[in-house]
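Report on the structure given below.
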Amino acid sequence: MNSALKAGEAVRLADLLPYEEGSIVNMDIASNDAMKFVLMAFDEGTSLSPHRAPGDALIFALEGQAVIGYEGAEHVLRAGENFRFAKNGLHSVKADGRFKMALLITLR
């Protein structure tokens, strides 16, 4: 578990990582052989090009909005919404303004 999370304290995940101009910031929160939980902050106009999910995955939109490409269709994802990818699902993420998300991936 990342030391930025303190046992017994409430936290707003979006506050744990900053935006950086022109880039995407990642922070690993927790991981083991079976899963990975990551935070990501996308500056306006940044994106992840299409790639396949290594396992079932769930996005938690924390702040802003993004366009999720999934298996040839585009979906707008707004703060407070979630989106699931199946293992090997072809997907992309493009920030529509600044965007923060959490990503949970199962690896088994």
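Chain lettering (A, B, ...) mirrors the order of the structure tokens, residue numbering begins at 1 for each chain separately, and ligand numbering begins at 1 in order of display.
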Next on the checklist: Could you list, as a ChimeraX atom specification, every residue within 10 Å of Asn2 in chain A, counting only C-alpha atoms and ignoring same-chain residues fewer than 3 positions away?
Outcome noted: /A:5-6,27-31
Checklist entry - Which polymer residues have any atom within 12 Å of an atom of Glu71 in chain A, counting only C-alpha atoms, with same-chain residues fewer than 2 positions away left out, as a PyMOL selection string? => result chain A and resi 50-53+68-69+73-75+84-92
Item to check | Long-range neighbours of range 102-105 of chain A as a PyMOL selection string, 9 Å cut-off, only C-alpha atoms, 3 positions minimum in chain | outcome: chain A and resi 13-14+34-41+53-62
Take the residues just selected and output them with N, CA, C and O atoms as a CSV table (one decimal), in the first residue's frame.
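As a result, selection.csv now contains:
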chain,number,residue,atom,x,y,z
A,13,LEU,N,-9.0,10.8,-3.2
A,13,LEU,CA,-8.0,10.2,-4.1
A,13,LEU,C,-7.5,11.3,-5.1
A,13,LEU,O,-6.3,11.3,-5.4
A,14,ALA,N,-8.3,12.1,-5.6
A,14,ALA,CA,-7.9,13.1,-6.6
A,14,ALA,C,-6.9,14.1,-6.1
A,14,ALA,O,-6.1,14.7,-6.8
A,34,ALA,N,-2.2,-10.3,-8.0
A,34,ALA,CA,-3.5,-10.5,-8.5
A,34,ALA,C,-4.2,-9.2,-9.0
A,34,ALA,O,-5.2,-9.2,-9.7
A,35,MET,N,-3.7,-8.0,-8.5
A,35,MET,CA,-4.3,-6.7,-8.9
A,35,MET,C,-3.4,-5.6,-8.8
A,35,MET,O,-2.3,-5.7,-8.3
A,36,LYS,N,-3.8,-4.5,-9.4
A,36,LYS,CA,-3.1,-3.2,-9.4
A,36,LYS,C,-4.1,-2.1,-9.3
A,36,LYS,O,-5.1,-2.1,-10.0
A,37,PHE,N,-3.9,-1.1,-8.4
A,37,PHE,CA,-4.7,0.0,-8.2
A,37,PHE,C,-3.9,1.3,-8.4
A,37,PHE,O,-2.9,1.5,-7.7
A,38,VAL,N,-4.2,2.1,-9.4
A,38,VAL,CA,-3.3,3.2,-9.9
A,38,VAL,C,-4.2,4.5,-10.0
A,38,VAL,O,-5.3,4.4,-10.4
A,39,LEU,N,-3.6,5.6,-9.6
A,39,LEU,CA,-4.2,6.9,-9.9
A,39,LEU,C,-3.5,7.5,-11.1
A,39,LEU,O,-2.3,7.4,-11.3
A,40,MET,N,-4.3,8.3,-11.9
A,40,MET,CA,-3.7,8.9,-13.1
A,40,MET,C,-4.3,10.3,-13.2
A,40,MET,O,-5.5,10.5,-13.0
A,41,ALA,N,-3.5,11.3,-13.5
A,41,ALA,CA,-3.9,12.7,-13.8
A,41,ALA,C,-3.5,13.1,-15.2
A,41,ALA,O,-2.3,13.1,-15.5
A,53,ALA,N,-6.2,-4.3,-22.4
A,53,ALA,CA,-6.1,-4.4,-20.9
A,53,ALA,C,-5.5,-5.8,-20.6
A,53,ALA,O,-5.9,-6.8,-21.1
A,54,PRO,N,-4.5,-5.8,-19.7
A,54,PRO,CA,-3.9,-7.1,-19.3
A,54,PRO,C,-4.8,-8.0,-18.4
A,54,PRO,O,-4.5,-9.1,-18.2
A,55,GLY,N,-5.9,-7.4,-17.9
A,55,GLY,CA,-6.9,-8.1,-17.1
A,55,GLY,C,-8.2,-7.3,-17.1
A,55,GLY,O,-8.3,-6.3,-17.7
A,56,ASP,N,-9.2,-7.8,-16.4
A,56,ASP,CA,-10.4,-7.1,-16.3
A,56,ASP,C,-10.1,-5.8,-15.5
A,56,ASP,O,-9.2,-5.8,-14.6
A,57,ALA,N,-10.6,-4.7,-16.0
A,57,ALA,CA,-10.3,-3.4,-15.4
A,57,ALA,C,-11.5,-2.5,-15.2
A,57,ALA,O,-12.5,-2.6,-15.9
A,58,LEU,N,-11.4,-1.7,-14.1
A,58,LEU,CA,-12.5,-0.7,-13.8
A,58,LEU,C,-11.9,0.7,-13.6
A,58,LEU,O,-11.0,0.8,-12.8
A,59,ILE,N,-12.4,1.6,-14.4
A,59,ILE,CA,-12.0,3.0,-14.2
A,59,ILE,C,-13.0,3.7,-13.3
A,59,ILE,O,-14.2,3.6,-13.5
A,60,PHE,N,-12.5,4.5,-12.4
A,60,PHE,CA,-13.3,5.4,-11.5
A,60,PHE,C,-12.9,6.8,-11.9
A,60,PHE,O,-11.8,7.3,-11.6
A,61,ALA,N,-13.8,7.6,-12.6
A,61,ALA,CA,-13.5,9.0,-12.9
A,61,ALA,C,-13.6,9.8,-11.7
A,61,ALA,O,-14.7,9.8,-11.0
A,62,LEU,N,-12.5,10.5,-11.3
A,62,LEU,CA,-12.5,11.2,-10.1
A,62,LEU,C,-12.7,12.7,-10.2
A,62,LEU,O,-13.2,13.4,-9.3
Next on the checklist: So that I can check the surroundings of Ala66 in chain A, please list as a PyMOL selection string every protein, DNA and RNA residue that reaches within 6 Å of it, counting only C-alpha atoms and ignoring chain neighbours fewer than 2 positions away.
Outcome noted: chain A and resi 76-77+94-96
Checklist entry - Any idea what's packed within 9 Å of Glu63 in chain A, counting only C-alpha atoms, ignoring anything in its chain fewer than 5 positions away? Could you give it as a list in words? => result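 Residues meeting the cut-off are Ala14, Ala41, Arg78, Ala79, Gly80, Arg98, Phe99, Lys100 and Met101 of chain A.
Distances from A:Asn82, A:Gly97, A:Thr106, A:Val67 to Phe42 in chain A were compared using only C-alpha atoms, and the smallest one belongs to A:Gly97.
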Item to check | chain A: residues DSSP assigns to strand (DSSP E or B), reported as a VMD selection string | outcome: chain A and resid 24 to 31 35 to 42 47 to 52 57 to 70 73 to 78 82 to 85 90 to 106
Next on the checklist: Would you compute the distance between CA of Tyr19 in chain A and CA of Phe83 in chain A? Give it in Å to one decimal.
Outcome noted: 21.8 Å
Item to check | DSSP helix (DSSP H, G or I) residues within chain A, as a list of chain:residue names | outcome: A:Leu13, A:Ala14, A:Asp15, A:Leu16
Checklist entry - Which is closer to Asn32 in chain A than all the others in A:Ala4, A:Glu44, A:Arg108, A:Arg12, using only C-alpha atoms? => result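 Closest to Asn32 in chain A of all the choices is A:Arg108.
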